[in-house]
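**Q** Attaching a single structure in structure tokens format; questions to follow.
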Amino acid sequence: MKNARQAKILEIIEKHEIGTQEELIEKLAEYGIISTQTTISRDIRQLKLVKGPTGMGTYKYVAPKAQATAVSPIHNSALTNAVTDIVRAQNIVVVKTHSGMANAVAVCIEGLALNGIIGSVAGDDTILNVTADNDTAVDVLAALLTAFEK
């Protein structure tokens with residue numbers, strides 16, 4: 001029941017501008033799913049929903065995946081200039097940096113919340129970003145090239 005309710009919540013916030021828990025409870029009721037505010041609050045936390053702008057001066061619930069789909073360039077010249085190369089080796093995306101900058105860039109990459117990176121290891125001038133498979137690595141490579149304007 002929980003999985004079905006949470007799937008319906010994701011569907012609802014995708015199709016409708018839902019700004020409050022009360023609105024979400026009402027919309028779920030229209031689909032025959034009766035929930036309490038406590039349950040909805042827990043679902044929102046578990047789904048990691050956040051509020052994003054609607055463009056009309058109000059806010060609505062948004063799934064994190066929806067926010068992370070379009071990677072924007074990083075507007076920090078120190079970090080973008082620190083990256084010297086980004087390449088893919090099978091399911092690993094390697095980011096090369098100037099000496100001493102790998103940890104700072106790795107923190108920046110974590111902040112991008114890219115789907116597909118299982119884990120990262122940063123050394124002095126190299127970051128290894130491990131993905132589940134080669135196809136995912138291609139997507140991560142493209143996102144990082146965009147983010148670091150390479």
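All residue names refer to the structure tokens as shown: chains lettered A, B, ... in order, residues numbered from 1 in each chain, ligands numbered from 1 in order.
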Stretch 38-109 of chain A: which residues are helix (DSSP H, G or I) by DSSP, as a PyMOL selection string?
**A** chain A and resi 38-47+64-68+77-82+102-109
**Q** Find the residues near A:Ile25: any atom within 10 Å, counting only C-alpha atoms, skip ones fewer than 5 places away on the same chain, and give them as a list in words.
**A**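 So the residues in contact are Ile9, Ile18, Thr20, Glu30, Ile33, Ile34, Ser35, Thr36, Gln37, Thr39 and Ile40 of chain A.
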**Q** When you look at stretch 132-139 of chain A with a cut-off of 7 Å (counting only C-alpha atoms), what residues show up, excluding the ones that are within fewer than 2 positions of it in the same chain? I need them as a list in words.
**A**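 The contact residues come out as Arg88, Gln90, Asn91, Ile92, Val93, Gly116, Ile118, Val130, Leu141, Ala142 and Ala143 of chain A.
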**Q** Can you write just those residues out, C-alpha atoms, as a compact mmCIF listing (two decimals), in the first residue's frame?
**A**
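What follows is the written file result34.txt:
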```
# COMPACT_ATOMS: atom_id res chain seq x y z
CA ARG A 88 35.22 7.65 -19.35
CA GLN A 90 33.98 1.63 -19.12
CA ASN A 91 31.75 2.30 -16.09
CA ILE A 92 34.13 4.79 -14.45
CA VAL A 93 34.20 8.52 -15.17
CA GLY A 116 23.98 7.05 -11.59
CA ILE A 118 27.38 4.83 -7.08
CA VAL A 130 31.94 4.68 -10.36
CA LEU A 141 30.23 11.96 -18.54
CA ALA A 142 27.89 14.18 -20.55
CA ALA A 143 26.52 15.80 -17.39
```
**Q** I'd like the interatomic distance between atom CA of A:Ala122 and atom CA of A:Lys150, to a tenth of an Å.
**A**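 If I compute the distance from atom CA of A:Ala122 to atom CA of A:Lys150, I get 19.6 Å.
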**Q** State, in Å with one decimal place, the distance from atom CA of A:Leu145 to atom CA of A:Ile86.
**A**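 These atoms are spaced 6.9 Å apart.
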**Q** Need to verify the contact set: A:Val105, 8 Å, only C-alpha atoms, exclusion of same-chain residues closer than 5 positions in sequence. Can you return it as a ChimeraX atom specification?
**A** /A:79,82-83,97
**Q** Would you mind exporting C-alpha atoms of the selected residues as an mmCIF file, in the first residue's frame?
**A**
```
data_model
loop_
_atom_site.group_PDB
_atom_site.id
_atom_site.type_symbol
_atom_site.label_atom_id
_atom_site.label_comp_id
_atom_site.auth_asym_id
_atom_site.auth_seq_id
_atom_site.Cartn_x
_atom_site.Cartn_y
_atom_site.Cartn_z
ATOM 1 C CA LEU A 79 36.340 24.895 -9.643
ATOM 2 C CA ALA A 82 40.601 23.269 -11.599
ATOM 3 C CA VAL A 83 39.241 20.509 -13.873
ATOM 4 C CA THR A 97 42.241 18.261 -11.734
#
```
**Q** Would you kindly return, as a list in words, each protein, DNA or RNA residue with an atom no farther than 10 Å from any atom of A:His16, considering only C-alpha atoms and excluding same-chain residues fewer than 5 positions away?
**A** Glu11, Leu24, Lys27, Lys60 and Tyr61 of chain A
**Q** Got time to write the residues from that selection, N, CA and C atoms, as a short mmCIF file (atom, residue, chain, number, x, y, z; two decimals), in the first residue's frame?
**A**
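Okay, this is what ended up in part-v3.cif:
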```
data_model
loop_
_atom_site.label_atom_id
_atom_site.label_comp_id
_atom_site.auth_asym_id
_atom_site.auth_seq_id
_atom_site.Cartn_x
_atom_site.Cartn_y
_atom_site.Cartn_z
N GLU A 11 3.11 10.72 -9.16
CA GLU A 11 2.29 10.98 -10.34
C GLU A 11 1.51 12.29 -10.19
N LEU A 24 -2.34 17.76 -1.20
CA LEU A 24 -1.94 16.42 -1.59
C LEU A 24 -2.89 15.37 -1.01
N LYS A 27 -6.08 15.47 -3.09
CA LYS A 27 -5.90 14.88 -4.42
C LYS A 27 -5.80 13.35 -4.32
N LYS A 60 5.61 24.61 -5.29
CA LYS A 60 4.95 23.32 -5.40
C LYS A 60 5.94 22.22 -5.06
N TYR A 61 5.40 21.05 -4.71
CA TYR A 61 6.27 19.91 -4.45
C TYR A 61 6.89 19.41 -5.75
#
```
**Q** Which distance in Å separates atom CA of A:Gly100 and atom CA of A:Gly119, to one decimal?
**A**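 Going from atom CA of A:Gly100 over to atom CA of A:Gly119 covers 20.0 Å.
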**Q** From the list A:Ala106, A:Ile74, A:Leu128, A:Leu47, which residue is nearest A:Glu149 when using only C-alpha atoms?
**A**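 Among A:Ala106, A:Ile74, A:Leu128, A:Leu47, it is A:Ile74 that comes nearest to A:Glu149.
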**Q** Considering only C-alpha atoms, return as a PyMOL selection string whatever protein or nucleic-acid residues lie within 10 Å of A:Ile44, sequence-local ones (same chain, fewer than 5 positions apart) excluded.
**A** chain A and resi 6+9-10+21+38-39+49-50+61-63
